[in-house]
Every structure is written in structure tokens, then in C-alpha cells.
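Novice: As input, take run20.pdb (PDB, C-alpha atoms, pLDDT in the B column):
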```
ATOM      1  CA  ARG A   1      25.600  -4.198 -23.782  1.00 74.00           C
ATOM      2  CA  ARG A   2      26.058  -4.212 -27.556  1.00 77.00           C
ATOM      3  CA  ALA A   3      29.742  -5.046 -27.148  1.00 84.00           C
ATOM      4  CA  ASP A   4      28.823  -8.012 -24.953  1.00 84.00           C
ATOM      5  CA  GLY A   5      26.141  -9.193 -27.369  1.00 84.00           C
ATOM      6  CA  LEU A   6      23.350  -8.610 -24.848  1.00 82.00           C
ATOM      7  CA  GLU A   7      19.828  -7.806 -25.975  1.00 87.00           C
ATOM      8  CA  SER A   8      17.964  -4.848 -24.577  1.00 88.00           C
ATOM      9  CA  ARG A   9      14.711  -3.023 -25.090  1.00 90.00           C
ATOM     10  CA  GLU A  10      14.090   0.683 -25.262  1.00 93.00           C
ATOM     11  CA  VAL A  11      11.675   2.584 -23.088  1.00 96.00           C
ATOM     12  CA  SER A  12      11.068   6.132 -24.303  1.00 97.00           C
ATOM     13  CA  GLY A  13       8.884   9.004 -23.262  1.00 97.00           C
ATOM     14  CA  VAL A  14       8.688  12.699 -22.444  1.00 98.00           C
ATOM     15  CA  VAL A  15       9.371  14.378 -19.112  1.00 97.00           C
ATOM     16  CA  LYS A  16       6.800  17.126 -18.503  1.00 96.00           C
ATOM     17  CA  ASP A  17       6.086  19.682 -15.818  1.00 93.00           C
ATOM     18  CA  SER A  18       2.760  19.877 -13.991  1.00 90.00           C
ATOM     19  CA  ALA A  19       1.335  22.065 -16.784  1.00 90.00           C
ATOM     20  CA  GLY A  20       2.244  19.505 -19.459  1.00 93.00           C
ATOM     21  CA  ALA A  21       5.225  21.412 -20.910  1.00 94.00           C
ATOM     22  CA  PRO A  22       8.321  19.333 -21.799  1.00 97.00           C
ATOM     23  CA  VAL A  23      11.304  19.680 -19.462  1.00 96.00           C
ATOM     24  CA  ALA A  24      14.828  19.536 -20.865  1.00 96.00           C
ATOM     25  CA  GLY A  25      17.774  18.198 -18.889  1.00 95.00           C
ATOM     26  CA  ALA A  26      15.756  16.129 -16.413  1.00 96.00           C
ATOM     27  CA  TYR A  27      17.256  12.948 -15.038  1.00 96.00           C
ATOM     28  CA  VAL A  28      15.291   9.731 -15.467  1.00 97.00           C
ATOM     29  CA  HIS A  29      16.420   7.044 -13.038  1.00 96.00           C
ATOM     30  CA  ALA A  30      15.499   3.376 -13.537  1.00 96.00           C
ATOM     31  CA  LEU A  31      15.088   1.020 -10.554  1.00 96.00           C
ATOM     32  CA  ASP A  32      14.137  -2.636 -10.491  1.00 94.00           C
ATOM     33  CA  ASP A  33      11.025  -3.816  -8.652  1.00 92.00           C
ATOM     34  CA  ALA A  34      13.038  -4.251  -5.443  1.00 92.00           C
ATOM     35  CA  GLY A  35      14.354  -0.682  -5.647  1.00 91.00           C
ATOM     36  CA  ALA A  36      17.903  -1.524  -6.786  1.00 94.00           C
ATOM     37  CA  TYR A  37      19.443   1.040  -9.127  1.00 94.00           C
ATOM     38  CA  LEU A  38      19.676   0.061 -12.812  1.00 93.00           C
ATOM     39  CA  SER A  39      20.468   3.038 -15.012  1.00 92.00           C
ATOM     40  CA  ARG A  40      19.769   6.660 -15.790  1.00 94.00           C
ATOM     41  CA  THR A  41      19.582   9.100 -18.672  1.00 96.00           C
ATOM     42  CA  ARG A  42      18.623  12.742 -19.258  1.00 96.00           C
ATOM     43  CA  SER A  43      15.866  14.295 -21.302  1.00 97.00           C
ATOM     44  CA  ASP A  44      16.826  16.218 -24.438  1.00 97.00           C
ATOM     45  CA  LYS A  45      15.832  19.756 -25.405  1.00 96.00           C
ATOM     46  CA  ASP A  46      12.313  18.524 -26.206  1.00 97.00           C
ATOM     47  CA  GLY A  47      11.945  16.643 -22.926  1.00 97.00           C
ATOM     48  CA  LYS A  48      12.384  13.253 -24.627  1.00 98.00           C
ATOM     49  CA  TYR A  49      14.327  10.421 -23.030  1.00 98.00           C
ATOM     50  CA  THR A  50      15.294   6.831 -23.889  1.00 97.00           C
ATOM     51  CA  LEU A  51      16.408   4.126 -21.448  1.00 93.00           C
ATOM     52  CA  HIS A  52      17.590   0.582 -22.122  1.00 92.00           C
ATOM     53  CA  LEU A  53      16.378  -2.321 -19.976  1.00 92.00           C
ATOM     54  CA  ASP A  54      16.572  -6.104 -20.139  1.00 91.00           C
ATOM     55  CA  PRO A  55      13.922  -7.668 -22.400  1.00 91.00           C
ATOM     56  CA  GLY A  56      10.781  -8.322 -20.382  1.00 92.00           C
ATOM     57  CA  GLN A  57      12.098  -6.483 -17.320  1.00 91.00           C
ATOM     58  CA  SER A  58       9.610  -4.364 -15.415  1.00 94.00           C
ATOM     59  CA  ALA A  59      11.004  -1.278 -13.713  1.00 95.00           C
ATOM     60  CA  LYS A  60      10.244   1.889 -11.805  1.00 96.00           C
ATOM     61  CA  LEU A  61      11.183   5.251 -13.297  1.00 97.00           C
ATOM     62  CA  VAL A  62      11.868   8.380 -11.263  1.00 96.00           C
ATOM     63  CA  ALA A  63      12.053  11.849 -12.837  1.00 96.00           C
ATOM     64  CA  GLN A  64      14.345  14.407 -11.186  1.00 94.00           C
ATOM     65  CA  HIS A  65      15.355  17.969 -11.942  1.00 93.00           C
ATOM     66  CA  ASP A  66      16.819  20.863  -9.956  1.00 90.00           C
ATOM     67  CA  GLY A  67      14.077  23.021  -8.475  1.00 90.00           C
ATOM     68  CA  TYR A  68      11.433  20.291  -8.361  1.00 92.00           C
ATOM     69  CA  ALA A  69      10.538  17.995  -5.504  1.00 89.00           C
ATOM     70  CA  LEU A  70      11.663  14.434  -6.220  1.00 88.00           C
ATOM     71  CA  ALA A  71       8.930  12.658  -8.206  1.00 88.00           C
ATOM     72  CA  ALA A  72       7.376   9.402  -7.035  1.00 91.00           C
ATOM     73  CA  PRO A  73       8.436   6.209  -8.864  1.00 94.00           C
ATOM     74  CA  VAL A  74       6.296   5.277 -11.879  1.00 96.00           C
ATOM     75  CA  ALA A  75       5.905   1.581 -12.727  1.00 96.00           C
ATOM     76  CA  VAL A  76       6.741   0.381 -16.244  1.00 95.00           C
ATOM     77  CA  ALA A  77       5.563  -3.052 -17.367  1.00 95.00           C
ATOM     78  CA  GLY A  78       7.977  -5.549 -18.861  1.00 92.00           C
ATOM     79  CA  ASP A  79       6.412  -5.192 -22.314  1.00 93.00           C
ATOM     80  CA  ALA A  80       5.973  -1.387 -22.284  1.00 94.00           C
ATOM     81  CA  ALA A  81       7.883   0.638 -24.848  1.00 94.00           C
ATOM     82  CA  SER A  82       6.896   4.126 -23.715  1.00 95.00           C
ATOM     83  CA  LYS A  83       6.064   6.016 -20.547  1.00 96.00           C
ATOM     84  CA  ASP A  84       5.683   9.767 -20.087  1.00 97.00           C
ATOM     85  CA  LEU A  85       6.752  11.160 -16.728  1.00 97.00           C
ATOM     86  CA  ALA A  86       5.518  14.202 -14.808  1.00 95.00           C
ATOM     87  CA  LEU A  87       7.468  16.376 -12.404  1.00 95.00           C
ATOM     88  CA  ALA A  88       5.821  17.880  -9.341  1.00 92.00           C
ATOM     89  CA  ALA A  89       4.217  21.318  -9.364  1.00 93.00           C
ATOM     90  CA  HIS A  90       6.590  24.238  -8.948  1.00 94.00           C
ATOM     91  CA  GLY A  91       6.792  28.006  -8.762  1.00 95.00           C
ATOM     92  CA  THR A  92       9.557  30.475  -9.637  1.00 96.00           C
ATOM     93  CA  VAL A  93      11.686  32.935  -7.707  1.00 98.00           C
ATOM     94  CA  HIS A  94      12.808  35.774  -9.984  1.00 98.00           C
ATOM     95  CA  VAL A  95      15.689  37.808  -8.556  1.00 98.00           C
ATOM     96  CA  THR A  96      16.809  41.193  -9.891  1.00 98.00           C
ATOM     97  CA  ALA A  97      19.941  42.684  -8.313  1.00 97.00           C
ATOM     98  CA  LYS A  98      20.898  46.355  -8.550  1.00 96.00           C
ATOM     99  CA  ASP A  99      23.422  48.735  -7.054  1.00 95.00           C
ATOM    100  CA  LYS A 100      21.385  50.871  -4.654  1.00 94.00           C
ATOM    101  CA  THR A 101      23.328  54.030  -5.526  1.00 92.00           C
ATOM    102  CA  THR A 102      23.689  53.782  -9.300  1.00 93.00           C
ATOM    103  CA  GLY A 103      20.723  51.562 -10.139  1.00 93.00           C
ATOM    104  CA  GLY A 104      22.950  49.467 -12.387  1.00 95.00           C
ATOM    105  CA  ALA A 105      22.680  45.693 -12.612  1.00 96.00           C
ATOM    106  CA  LEU A 106      24.970  43.767 -10.261  1.00 95.00           C
ATOM    107  CA  PRO A 107      26.462  40.315 -10.735  1.00 97.00           C
ATOM    108  CA  VAL A 108      25.485  38.418  -7.580  1.00 97.00           C
ATOM    109  CA  ARG A 109      25.279  35.003  -5.997  1.00 97.00           C
ATOM    110  CA  VAL A 110      21.774  33.815  -5.164  1.00 97.00           C
ATOM    111  CA  HIS A 111      21.155  31.186  -2.491  1.00 97.00           C
ATOM    112  CA  VAL A 112      17.696  29.579  -2.178  1.00 97.00           C
ATOM    113  CA  ILE A 113      17.105  27.530   0.963  1.00 96.00           C
ATOM    114  CA  PRO A 114      13.758  25.733   1.460  1.00 95.00           C
ATOM    115  CA  GLN A 115      12.397  26.322   4.954  1.00 94.00           C
ATOM    116  CA  SER A 116      11.024  22.780   5.028  1.00 89.00           C
ATOM    117  CA  PRO A 117      13.753  20.306   4.014  1.00 83.00           C
ATOM    118  CA  LEU A 118      13.124  18.529   0.715  1.00 83.00           C
ATOM    119  CA  ALA A 119      13.531  14.803   0.265  1.00 82.00           C
ATOM    120  CA  ALA A 120      17.047  14.174  -1.007  1.00 81.00           C
ATOM    121  CA  ALA A 121      17.765  11.863  -3.924  1.00 84.00           C
ATOM    122  CA  PRO A 122      19.249   8.542  -2.757  1.00 87.00           C
ATOM    123  CA  GLU A 123      23.033   8.298  -2.981  1.00 87.00           C
ATOM    124  CA  ALA A 124      22.725   5.607  -5.654  1.00 88.00           C
ATOM    125  CA  TYR A 125      21.251   8.199  -8.043  1.00 90.00           C
ATOM    126  CA  GLY A 126      24.698   9.799  -8.291  1.00 88.00           C
ATOM    127  CA  VAL A 127      23.384  13.384  -8.224  1.00 86.00           C
ATOM    128  CA  GLU A 128      25.115  15.661  -5.727  1.00 81.00           C
ATOM    129  CA  PRO A 129      22.780  18.090  -3.919  1.00 75.00           C
ATOM    130  CA  GLU A 130      23.790  21.637  -3.038  1.00 75.00           C
ATOM    131  CA  ALA A 131      25.477  21.900   0.362  1.00 78.00           C
ATOM    132  CA  ASP A 132      23.827  22.899   3.633  1.00 82.00           C
ATOM    133  CA  GLY A 133      20.252  22.317   2.533  1.00 85.00           C
ATOM    134  CA  ARG A 134      20.410  24.783  -0.346  1.00 90.00           C
ATOM    135  CA  LEU A 135      18.206  24.181  -3.347  1.00 92.00           C
ATOM    136  CA  TRP A 136      20.148  26.649  -5.504  1.00 94.00           C
ATOM    137  CA  VAL A 137      23.465  28.477  -5.425  1.00 94.00           C
ATOM    138  CA  ASP A 138      23.249  30.457  -8.641  1.00 95.00           C
ATOM    139  CA  ARG A 139      25.783  32.928 -10.015  1.00 96.00           C
ATOM    140  CA  ALA A 140      23.608  35.548 -11.650  1.00 96.00           C
ATOM    141  CA  VAL A 141      26.255  37.314 -13.727  1.00 96.00           C
ATOM    142  CA  THR A 142      23.709  39.586 -15.432  1.00 96.00           C
ATOM    143  CA  GLY A 143      22.024  40.538 -12.155  1.00 96.00           C
ATOM    144  CA  GLU A 144      18.963  38.423 -12.937  1.00 97.00           C
ATOM    145  CA  ALA A 145      17.999  34.844 -12.136  1.00 97.00           C
ATOM    146  CA  SER A 146      14.793  32.844 -12.512  1.00 97.00           C
ATOM    147  CA  LEU A 147      14.913  29.745 -10.318  1.00 97.00           C
ATOM    148  CA  ARG A 148      12.338  26.956 -10.081  1.00 95.00           C
ATOM    149  CA  VAL A 149      11.266  26.021  -6.553  1.00 96.00           C
ATOM    150  CA  PRO A 150       8.700  23.659  -5.023  1.00 94.00           C
ATOM    151  CA  PRO A 151       5.661  25.404  -3.476  1.00 95.00           C
ATOM    152  CA  GLY A 152       6.338  26.647   0.053  1.00 95.00           C
ATOM    153  CA  ASP A 153       8.520  29.043   2.008  1.00 97.00           C
ATOM    154  CA  HIS A 154      12.060  29.712   0.803  1.00 97.00           C
ATOM    155  CA  ARG A 155      14.880  31.807   2.223  1.00 97.00           C
ATOM    156  CA  VAL A 156      16.536  33.898  -0.513  1.00 98.00           C
ATOM    157  CA  VAL A 157      20.007  35.307   0.173  1.00 98.00           C
ATOM    158  CA  VAL A 158      21.611  37.624  -2.414  1.00 98.00           C
ATOM    159  CA  THR A 159      25.283  38.512  -1.961  1.00 97.00           C
ATOM    160  CA  ARG A 160      27.922  40.549  -3.788  1.00 94.00           C
ATOM    161  CA  GLY A 161      31.165  40.068  -1.887  1.00 89.00           C
ATOM    162  CA  TRP A 162      32.282  41.702   1.363  1.00 88.00           C
ATOM    163  CA  GLU A 163      32.058  45.273   0.047  1.00 89.00           C
ATOM    164  CA  TYR A 164      28.268  45.141  -0.303  1.00 93.00           C
ATOM    165  CA  GLU A 165      25.431  44.643   2.121  1.00 94.00           C
ATOM    166  CA  LEU A 166      23.352  41.551   1.422  1.00 95.00           C
ATOM    167  CA  LEU A 167      19.652  40.762   1.087  1.00 97.00           C
ATOM    168  CA  ASP A 168      18.258  37.984   3.271  1.00 97.00           C
ATOM    169  CA  THR A 169      14.517  37.422   3.006  1.00 98.00           C
ATOM    170  CA  ILE A 170      11.891  34.684   3.114  1.00 98.00           C
ATOM    171  CA  VAL A 171       9.302  34.377   0.346  1.00 98.00           C
ATOM    172  CA  THR A 172       6.245  32.166  -0.031  1.00 98.00           C
ATOM    173  CA  VAL A 173       5.769  30.653  -3.482  1.00 97.00           C
ATOM    174  CA  ALA A 174       2.606  28.918  -4.673  1.00 97.00           C
ATOM    175  CA  ALA A 175       2.417  26.400  -7.513  1.00 94.00           C
ATOM    176  CA  GLY A 176       2.482  28.217 -10.851  1.00 93.00           C
ATOM    177  CA  GLN A 177       3.404  31.539  -9.220  1.00 96.00           C
ATOM    178  CA  THR A 178       6.417  33.751  -9.914  1.00 97.00           C
ATOM    179  CA  VAL A 179       7.626  35.779  -6.933  1.00 98.00           C
ATOM    180  CA  ASP A 180       9.814  38.794  -7.733  1.00 98.00           C
ATOM    181  CA  VAL A 181      12.681  39.592  -5.376  1.00 98.00           C
ATOM    182  CA  VAL A 182      14.382  42.942  -5.968  1.00 97.00           C
ATOM    183  CA  ALA A 183      17.780  43.155  -4.277  1.00 97.00           C
ATOM    184  CA  GLU A 184      19.070  46.747  -4.093  1.00 96.00           C
ATOM    185  CA  LEU A 185      22.461  46.198  -2.533  1.00 96.00           C
ATOM    186  CA  GLU A 186      24.275  49.085  -0.888  1.00 94.00           C
ATOM    187  CA  ARG A 187      28.031  49.542  -0.983  1.00 90.00           C
ATOM    188  CA  PRO A 188      28.678  51.418   2.259  1.00 84.00           C
ATOM    189  CA  LEU A 189      31.704  53.623   2.751  1.00 65.00           C
ATOM    190  CA  ARG A 190      34.312  51.842   4.853  1.00 61.00           C
ATOM    191  CA  PRO A 191      37.135  53.518   6.793  1.00 56.00           C
ATOM    192  CA  CYS A 192      40.589  53.168   5.324  1.00 58.00           C
ATOM    193  CA  PRO A 193      42.631  50.747   7.496  1.00 59.00           C
ATOM    194  CA  VAL A 194      45.858  52.590   6.642  1.00 61.00           C
ATOM    195  CA  CYS A 195      44.394  55.959   7.667  1.00 54.00           C
ATOM    196  CA  GLU A 196      43.432  54.625  11.106  1.00 52.00           C
ATOM    197  CA  VAL A 197      47.001  53.672  11.975  1.00 48.00           C
TER     198      VAL A 197
END
```
So, in terms of C-alpha cells, how does the structure I just supplied come out?

Specialist:
Amino acid sequence: RRADGLESREVSGVVKDSAGAPVAGAYVHALDDAGAYLSRTRSDKDGKYTLHLDPGQSAKLVAQHDGYALAAPVAVAGDAASKDLALAAHGTVHVTAKDKTTGGALPVRVHVIPQSPLAAAPEAYGVEPEADGRLWVDRAVTGEASLRVPPGDHRVVVTRGWEYELLDTIVTVAAGQTVDVVAELERPLRPCPVCEV
């Protein structure tokens, strides 16, 4: 816009969670009054964001972040210079993975699948969701993961390759609650294919 000599106005604010804490790395999408996509940005480490719109243009802003339900659009007047945005309430699934025999931490992959499908972001937002209805596919290299989830029932699957058994469980998470999932994965003895020949 600067290169083309076009004027613009800034709209700034802070993206917060339901408890009022700033949220870093959240997308802020801007739509016009008819719902057409205009622009997007991301909040910084302090939850602050800045968007540029046409002078006098009213808009609708939508906050989005992994682990939160998609927020409803918030109207911004054509002369407004600031607007704080709030994400929906959430809880946390905290996974700890251990080797059942040694008790040592295990690097694992954690899948979180909401049991009630969440509203997907429109394609115009340009944010790819996880495949197959998954909210998270997290590689917990230290054996621990804390993952934000909307309130409700979630299927948690913890895997460690074909040599280990897996954990597949459903947890219920309330707003503001942290649910601990301890995955003690067993590495069963398998027959040697060569020895069976």
C-alpha cells in the first residue's frame, strides 16, 4: 500500500483468553461488512496485534488460535483505532509419556480428536487444519505436552512407533481445567521373524 501511495489506518489491540491473559501467536482475520476477506496478522509475544484497513472502512475481526474454538466476528467501526479481542474459554490436556518397564520419559506423538466436530476456519483464512478432524498432532519429544482444547470430550491417542503399545482414551475437559493423561507405554517382546523360519 505504501509503494502504491495508498493511505491506510491502523487498528490495534490485544488478543486475550477468557481469563484476560494475553495470547501470543493468535491470528486476527479482517473481513469487510459483507464477509469478504481483507487481511490478517498475528499477535506478538504480548498478545498485541496491528492491522491496516482503508480509511473510514468498518470491518469485522475474528481471532483464531490452535486449541480454541473459532471466535465470533467482532465489529470495528470505520473511525475506531483499537479493539481488544477475546478467544473462547478453553481447558488443557497435559500428557506425560513413560516407558512402562523403565519409567523413563518417552518421546511420543500425541493426537487430540474432539468428539464433537469443531467449526472449521473458512478456506479464505488460509490456515490449514489438522487432518481427519484432529485438533492436535503434537510431537512431544520430551515425553510431555500441554495442549489447549475447547471444553468437551476429546479422544487422546499417544503413540511411540510400532514397537510399543499405544494409549487410546477419551477425556472430558471443562473450561479452565487441566486434565492429566499418563501414558505408560509397554514395549512387548516380539518373536524374531528369522527364528521362526

Novice: Rank A:Val181, A:Ala119, A:Ala145, A:Ala30 by their smallest atom-to-atom distance to Val76 in chain A, using only C-alpha atoms, and report the top residue only.

Specialist: A:Ala30

Novice: Residues within 10 Å of (14.6, 28.2, -0.2), file coordinates, counting only C-alpha atoms: what are they? Give the list as a list in words.

Specialist: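 Every residue inside that radius is included here: Gly67, Val93, His111, Val112, Ile113, Pro114, Gln115, Ser116, Pro117, Leu118, Gly133, Arg134, Leu135, Trp136, Val149, Pro150, Pro151, Gly152, Asp153, His154, Arg155, Val156, Val157, Thr169, Ile170, Val171, Thr172 and Val173 of chain A.
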
Novice: Put those residues in a file: C-alpha atoms, as a PDB file, keeping the file's coordinate frame.

Specialist:
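Written file, result28.pdb:
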```
ATOM      1  CA  GLY A  67      14.077  23.021  -8.475  1.00 90.00           C
ATOM      2  CA  VAL A  93      11.686  32.935  -7.707  1.00 98.00           C
ATOM      3  CA  HIS A 111      21.155  31.186  -2.491  1.00 97.00           C
ATOM      4  CA  VAL A 112      17.696  29.579  -2.178  1.00 97.00           C
ATOM      5  CA  ILE A 113      17.105  27.530   0.963  1.00 96.00           C
ATOM      6  CA  PRO A 114      13.758  25.733   1.460  1.00 95.00           C
ATOM      7  CA  GLN A 115      12.397  26.322   4.954  1.00 94.00           C
ATOM      8  CA  SER A 116      11.024  22.780   5.028  1.00 89.00           C
ATOM      9  CA  PRO A 117      13.753  20.306   4.014  1.00 83.00           C
ATOM     10  CA  LEU A 118      13.124  18.529   0.715  1.00 83.00           C
ATOM     11  CA  GLY A 133      20.252  22.317   2.533  1.00 85.00           C
ATOM     12  CA  ARG A 134      20.410  24.783  -0.346  1.00 90.00           C
ATOM     13  CA  LEU A 135      18.206  24.181  -3.347  1.00 92.00           C
ATOM     14  CA  TRP A 136      20.148  26.649  -5.504  1.00 94.00           C
ATOM     15  CA  VAL A 149      11.266  26.021  -6.553  1.00 96.00           C
ATOM     16  CA  PRO A 150       8.700  23.659  -5.023  1.00 94.00           C
ATOM     17  CA  PRO A 151       5.661  25.404  -3.476  1.00 95.00           C
ATOM     18  CA  GLY A 152       6.338  26.647   0.053  1.00 95.00           C
ATOM     19  CA  ASP A 153       8.520  29.043   2.008  1.00 97.00           C
ATOM     20  CA  HIS A 154      12.060  29.712   0.803  1.00 97.00           C
ATOM     21  CA  ARG A 155      14.880  31.807   2.223  1.00 97.00           C
ATOM     22  CA  VAL A 156      16.536  33.898  -0.513  1.00 98.00           C
ATOM     23  CA  VAL A 157      20.007  35.307   0.173  1.00 98.00           C
ATOM     24  CA  THR A 169      14.517  37.422   3.006  1.00 98.00           C
ATOM     25  CA  ILE A 170      11.891  34.684   3.114  1.00 98.00           C
ATOM     26  CA  VAL A 171       9.302  34.377   0.346  1.00 98.00           C
ATOM     27  CA  THR A 172       6.245  32.166  -0.031  1.00 98.00           C
ATOM     28  CA  VAL A 173       5.769  30.653  -3.482  1.00 97.00           C
TER      29      VAL A 173
END
```

Novice: Can you measure CA of Gly20 in chain A to CA of Ser146 in chain A for me? One decimal in Å is fine.

Specialist: 19.6 Å

Novice: Restricting the calculation to only C-alpha atoms: of A:Arg187, A:Arg1, A:Arg139, A:His29, which residue gets closest to Ala59 in chain A?

Specialist: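 The answer is A:His29, which sits nearest to Ala59 in chain A.
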
Novice: Contacts of Arg148 in chain A at 12 Å or less, counting only C-alpha atoms, minus same-chain residues fewer than 6 places along, as a PyMOL selection string?

Specialist: chain A and resi 17+23+65-69+87-95+112+114+135-136+138+154+173-179

Novice: What do you get, as a ChimeraX atom specification, if you spell out every residue that the PyMOL selection byres ((chain A and resi 108) around 8) selects here?

Specialist: /A:97,106-107,109-110,139-141,143,158-160

Novice: In Å, with one decimal, what is the gap from CA of Leu38 in chain A to CA of Pro122 in chain A?

Specialist: 13.2 Å

Novice: Kindly indicate which residue among A:Leu6, A:Tyr27, A:Tyr37, A:Leu51 lies nearest to Ala124 in chain A, using all atoms listed in the file for the distances.

Specialist: A:Tyr37

Novice: How many Å lie between CA of Ala183 in chain A and CA of Asp132 in chain A, rounded to one decimal?

Specialist: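 Going from CA of Ala183 in chain A over to CA of Asp132 in chain A covers 22.6 Å.
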
Novice: Would you translate the PyMOL selection byres ((chain A and resi 56) around 7) into the concrete set of residues it matches in this file, as a ChimeraX atom specification?

Specialist: /A:54-55,57-58,78-79

Novice: As a check of understanding, name the residues that the PyMOL selection byres ((chain A and resi 11) around 10) selects in the supplied structure, as a PyMOL selection string.

Specialist: chain A and resi 8-10+12-13+49-53+76+78-84

Novice: Could you work out an axis-aligned box for range 176-187 of chain A, taking every atom the file lists and adding 3 Å on each side, and report centre and edge lengths in Å to one decimal, as AutoDock Vina command-line options?

Specialist:
```
--center_x 15.3 --center_y 38.9 --center_z -5.9 --size_x 31.5 --size_y 27.3 --size_z 16.0
```

Novice: Excluding Gly104 in chain A and its own-chain neighbours fewer than 6 positions away, which residues fall within 12 Å of it when counting all atoms listed in the file? Please give them as a list in words.

Specialist: Thr96, Ala97, Lys98, Thr142, Gly143, Glu144, Ala183, Glu184, Leu185 and Glu186 of chain A

Novice: How about saving the chosen residues, C-alpha atoms kept, as a PDB file, in the frame of the given file?

Specialist:
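The resulting file, again-v2.pdb, is reproduced below:
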```pdb
ATOM      1  CA  THR A  96      16.809  41.193  -9.891  1.00 98.00           C
ATOM      2  CA  ALA A  97      19.941  42.684  -8.313  1.00 97.00           C
ATOM      3  CA  LYS A  98      20.898  46.355  -8.550  1.00 96.00           C
ATOM      4  CA  THR A 142      23.709  39.586 -15.432  1.00 96.00           C
ATOM      5  CA  GLY A 143      22.024  40.538 -12.155  1.00 96.00           C
ATOM      6  CA  GLU A 144      18.963  38.423 -12.937  1.00 97.00           C
ATOM      7  CA  ALA A 183      17.780  43.155  -4.277  1.00 97.00           C
ATOM      8  CA  GLU A 184      19.070  46.747  -4.093  1.00 96.00           C
ATOM      9  CA  LEU A 185      22.461  46.198  -2.533  1.00 96.00           C
ATOM     10  CA  GLU A 186      24.275  49.085  -0.888  1.00 94.00           C
TER      11      GLU A 186
END
```

Novice: Counting all atoms listed in the file, which residues have an atom no more than 8 Å from (13.7, 15.3, -15.6) in the file's coordinates? Please list them as JSON, numbers by chain.

Specialist: {"A": [15, 16, 23, 24, 25, 26, 27, 28, 42, 43, 47, 63, 64, 65, 87]}
